[in-house]
Structure formats: structure tokens, C-alpha cells
Amino acid sequence: MKIKRNAIIASSLLCGMLSSALPAAAANVMFGDNENQLLISAGQSIRNDIKDPKTENLYIASLSYGIPTHYFNFLQGRFNFEVGAFRGKNGSDNDRVGSPGYPKTTDMKQYNLGYAGFSQDIAVIYFGGFYTSLGLGAYMKTKATNRIGTAFTFGEKAALGYNFGPVAVEAYIRHFSNAGLSEQNSGQNFYGAALAYNF
């Protein structure tokens, strides 16, 4: 019984020493010392023609609320709840863009929709106030389209940002698709910018 008690005490001391040797979680690079973030973003759609990628008259705007997260005591991140919308402006025949397999159309208003969902961003490289991040999310849209044939949609994001303290700015690229849940899954791509308020 005494040996068992000594082993428990020794293992407790060892765990305590190891945990004290690990670095404490630093302030989150996306938030600084703050615990909340409101982020507003806007962007424009781009279709993937390898030889001549083009933007089209379809836009995205979103508002998200984020809180800081940490993984393994060193990976910094952000958990977000986001609401947003796609809005299109119809064009002329000269505005048709795309590549084989992508629906080419001038009817951009057919993609008008709202969406809401959750996402997780992880800071990959960061120094000073600069950071790069990768994100993955799951969203529900108000309708399916011929580019994403389900209302449920996954989203991926890569961003480059700088945190000034109470304010942060980001440039991003985003991709929405449904991971093959329907035959119509050419996806939707955007590039844009975001402004965050940390509090």
C-alpha cells in the first residue's frame, strides 16, 4: 500500500514538473489579450479558368463573432459563428466566365442567398502582429444552386492578417463546396478583405 501511495505521489510530482516546463499559452495573435472578436468581410467571386481566371459580378459579405482557442498549448486559433450572403449582378454575354464543368451564365442573381454556420481557423505562421491562418467550416445556405447542389456546404479559407491590438485586418481566399454530396459541385470561390474589432 505504501509503495502504491509513493508511486502516486511520484507520478503527481513528475506531471507537475513536466507541465511547468511547458510554455504557457501566449496571448492569441488574432486577438491579442482580448477574448472576443467581431469581424466583417467582403469579397468577389472568381472562376477557375487556368489560362485566364476572371472575376464575376457575384459578391460575398459576412459578419462573424469569434473567440480565441488553443490546441496542445501552442497552436493558436479562432472559433467563429458566421452569417453572410452572396449577391449577384446580372451581366452581358461578355461576362461569361468559367472553365469546362463550371456553369457559365450571365444570370448572377440566381446565386443570391444567405448562409450561417461555424468555422475554426488555426494560425499557421505568426510573428509580431502578423499571422497566416487556415480555416474549415460547415454552413447552411438558404438554397441549393447549380454550382453547389446542396444547402449544406463546407467552406475552406486561407488568410494573411495583421493584428494592431483592438483592430485586425485580413486578406483572404475562400472556397465553398459540398465535398461531393451532390453531382452539382463545381464550387464557389472568393477573394476579399476583412476588418476585425477585438474586445
# chains A, B, ... in the order shown; residues from 1 in each chain; ligands from 1
call {"tool": "residues_around", "arguments": {"residues": "Lys143 in chain A", "least_positions_apart": "4", "cutoff": "10 Å", "atoms": "only C-alpha atoms", "output": "ChimeraX atom specification"}}
result
/A:111-115,148-152
call {"tool": "write_last_selection", "arguments": {"atoms": "C-alpha atoms", "output": "mmCIF file, in the first residue's frame"}}
result
data_model
loop_
_atom_site.group_PDB
_atom_site.id
_atom_site.type_symbol
_atom_site.label_atom_id
_atom_site.label_comp_id
_atom_site.auth_asym_id
_atom_site.auth_seq_id
_atom_site.Cartn_x
_atom_site.Cartn_y
_atom_site.Cartn_z
ATOM 1 C CA TYR A 111 -26.879 32.800 -56.729
ATOM 2 C CA ASN A 112 -28.360 35.329 -54.303
ATOM 3 C CA LEU A 113 -28.627 33.538 -50.957
ATOM 4 C CA GLY A 114 -27.952 33.773 -47.256
ATOM 5 C CA TYR A 115 -25.923 31.406 -45.107
ATOM 6 C CA ILE A 148 -23.353 23.690 -55.191
ATOM 7 C CA GLY A 149 -26.299 21.328 -55.374
ATOM 8 C CA THR A 150 -26.982 21.124 -51.633
ATOM 9 C CA ALA A 151 -27.971 23.650 -48.997
ATOM 10 C CA PHE A 152 -25.331 22.165 -46.647
#
call {"tool": "residues_around", "arguments": {"residues": "Asn90 in chain A", "least_positions_apart": "5", "cutoff": "12 Å", "atoms": "only C-alpha atoms", "output": "number ranges by chain"}}
result
A: 56-59, 95-96, 105-112
call {"tool": "residues_around", "arguments": {"residues": "Asn36 in chain A", "least_positions_apart": "5", "cutoff": "10 Å", "atoms": "only C-alpha atoms", "output": "short mmCIF file (atom, residue, chain, number, x, y, z; two decimals) with N, CA and C atoms, in the first residue's frame"}}
result
data_model
loop_
_atom_site.label_atom_id
_atom_site.label_comp_id
_atom_site.auth_asym_id
_atom_site.auth_seq_id
_atom_site.Cartn_x
_atom_site.Cartn_y
_atom_site.Cartn_z
N PHE A 31 -6.20 37.91 -31.52
CA PHE A 31 -6.99 38.66 -30.56
C PHE A 31 -6.16 39.56 -29.65
N TYR A 65 -18.67 36.35 -35.31
CA TYR A 65 -18.25 36.54 -33.92
C TYR A 65 -17.27 35.42 -33.60
N GLY A 66 -16.09 35.77 -33.08
CA GLY A 66 -15.08 34.77 -32.80
C GLY A 66 -14.57 34.83 -31.38
N ILE A 67 -14.11 33.67 -30.90
CA ILE A 67 -13.45 33.57 -29.59
C ILE A 67 -12.12 32.85 -29.78
N PRO A 68 -11.10 33.17 -28.97
CA PRO A 68 -9.79 32.53 -29.14
C PRO A 68 -9.80 31.08 -28.68
N ARG A 78 -9.05 30.35 -33.71
CA ARG A 78 -10.24 31.17 -33.54
C ARG A 78 -11.45 30.33 -33.94
N TYR A 197 -12.71 43.80 -35.01
CA TYR A 197 -12.65 44.58 -33.77
C TYR A 197 -12.52 43.61 -32.62
N ASN A 198 -11.43 43.73 -31.85
CA ASN A 198 -11.18 42.85 -30.71
C ASN A 198 -11.58 43.57 -29.41
N PHE A 199 -12.27 42.85 -28.55
CA PHE A 199 -12.68 43.47 -27.29
C PHE A 199 -12.76 42.43 -26.18
#
call {"tool": "atom_distance", "arguments": {"atom1": "CA of Leu75 in chain A", "atom2": "CA of Gly117 in chain A"}}
result
22.7 Å
call {"tool": "select_by_dssp", "arguments": {"residues": "range 37-172 of chain A", "states": "helix (DSSP H, G or I)", "output": "PyMOL selection string"}}
result
chain A and resi 93-95+108-111
call {"tool": "write_last_selection", "arguments": {"atoms": "N, CA, C and O atoms", "output": "PDB file, in the first residue's frame"}}
result
ATOM      1  N   ASP A  93     -23.215  38.931 -72.278  1.00  0.00           N
ATOM      2  CA  ASP A  93     -22.564  37.715 -72.773  1.00  0.00           C
ATOM      3  C   ASP A  93     -21.053  37.777 -72.613  1.00  0.00           C
ATOM      4  O   ASP A  93     -20.388  36.749 -72.478  1.00  0.00           O
ATOM      5  N   ASN A  94     -20.495  38.967 -72.639  1.00  0.00           N
ATOM      6  CA  ASN A  94     -19.048  39.111 -72.475  1.00  0.00           C
ATOM      7  C   ASN A  94     -18.596  38.804 -71.047  1.00  0.00           C
ATOM      8  O   ASN A  94     -17.406  38.676 -70.792  1.00  0.00           O
ATOM      9  N   ASP A  95     -19.560  38.733 -70.125  1.00  0.00           N
ATOM     10  CA  ASP A  95     -19.215  38.481 -68.728  1.00  0.00           C
ATOM     11  C   ASP A  95     -19.205  37.000 -68.377  1.00  0.00           C
ATOM     12  O   ASP A  95     -18.957  36.637 -67.239  1.00  0.00           O
ATOM     13  N   MET A 108     -26.314  36.149 -62.664  1.00  0.00           N
ATOM     14  CA  MET A 108     -25.666  36.075 -61.362  1.00  0.00           C
ATOM     15  C   MET A 108     -26.661  36.156 -60.206  1.00  0.00           C
ATOM     16  O   MET A 108     -26.386  35.696 -59.106  1.00  0.00           O
ATOM     17  N   LYS A 109     -27.846  36.719 -60.464  1.00  0.00           N
ATOM     18  CA  LYS A 109     -28.830  36.861 -59.387  1.00  0.00           C
ATOM     19  C   LYS A 109     -29.377  35.518 -58.912  1.00  0.00           C
ATOM     20  O   LYS A 109     -29.917  35.424 -57.815  1.00  0.00           O
ATOM     21  N   GLN A 110     -29.225  34.476 -59.732  1.00  0.00           N
ATOM     22  CA  GLN A 110     -29.691  33.156 -59.302  1.00  0.00           C
ATOM     23  C   GLN A 110     -28.886  32.636 -58.103  1.00  0.00           C
ATOM     24  O   GLN A 110     -29.326  31.719 -57.419  1.00  0.00           O
ATOM     25  N   TYR A 111     -27.714  33.234 -57.853  1.00  0.00           N
ATOM     26  CA  TYR A 111     -26.879  32.800 -56.729  1.00  0.00           C
ATOM     27  C   TYR A 111     -27.087  33.647 -55.480  1.00  0.00           C
ATOM     28  O   TYR A 111     -26.361  33.483 -54.499  1.00  0.00           O
TER      29      TYR A 111
END
call {"tool": "atom_distance", "arguments": {"atom1": "CA of Ala196 in chain A", "atom2": "CA of Gln37 in chain A"}}
result
6.5 Å
call {"tool": "closest_atom_pairs", "arguments": {"of": "range 85-169 of chain A", "to": "range 181-193 of chain A", "cutoff": "12 Å", "atoms": "only C-alpha atoms", "output": "Markdown table"}}
result
| residue | atom | partner | partner_atom | distance |
| --- | --- | --- | --- | --- |
| A:Phe86 | CA | A:Gln188 | CA | 10.2 |
| A:Gly98 | CA | A:Ser186 | CA | 10.0 |
| A:Ser99 | CA | A:Ser186 | CA | 10.0 |
| A:Pro100 | CA | A:Ser186 | CA | 9.9 |
| A:Gly101 | CA | A:Ser186 | CA | 7.0 |
| A:Tyr102 | CA | A:Ser186 | CA | 5.7 |
| A:Pro103 | CA | A:Ser186 | CA | 7.9 |
| A:Lys104 | CA | A:Ser186 | CA | 11.0 |
| A:Tyr111 | CA | A:Gln188 | CA | 10.1 |
| A:Ala144 | CA | A:Gln184 | CA | 9.5 |
| A:Thr145 | CA | A:Gln184 | CA | 8.1 |
| A:Asn146 | CA | A:Gln184 | CA | 5.9 |
| A:Arg147 | CA | A:Ser186 | CA | 5.1 |
| A:Ile148 | CA | A:Asn185 | CA | 4.6 |
| A:Gly149 | CA | A:Gln184 | CA | 4.8 |
| A:Thr150 | CA | A:Ser182 | CA | 6.6 |
| A:Ala151 | CA | A:Ser182 | CA | 10.3 |
| A:Phe152 | CA | A:Leu181 | CA | 9.0 |
| A:Thr153 | CA | A:Leu181 | CA | 9.2 |
| A:Phe154 | CA | A:Gly187 | CA | 9.8 |
| A:Gly155 | CA | A:Gln188 | CA | 9.4 |
| A:Glu156 | CA | A:Asn189 | CA | 9.6 |
| A:Lys157 | CA | A:Phe190 | CA | 9.5 |
| A:Ala158 | CA | A:Tyr191 | CA | 9.7 |
| A:Ala159 | CA | A:Ala193 | CA | 9.0 |
| A:Leu160 | CA | A:Ala193 | CA | 9.5 |
| A:Gly161 | CA | A:Ala193 | CA | 9.5 |
| A:Tyr162 | CA | A:Ala193 | CA | 11.8 |
| A:Ala168 | CA | A:Ala193 | CA | 10.9 |
| A:Val169 | CA | A:Ala193 | CA | 7.5 |
call {"tool": "select_by_dssp", "arguments": {"residues": "range 69-159 of chain A", "states": "strand (DSSP E)", "output": "PyMOL selection string"}}
result
chain A and resi 69-71+75-88+113-127+130-141+152-159
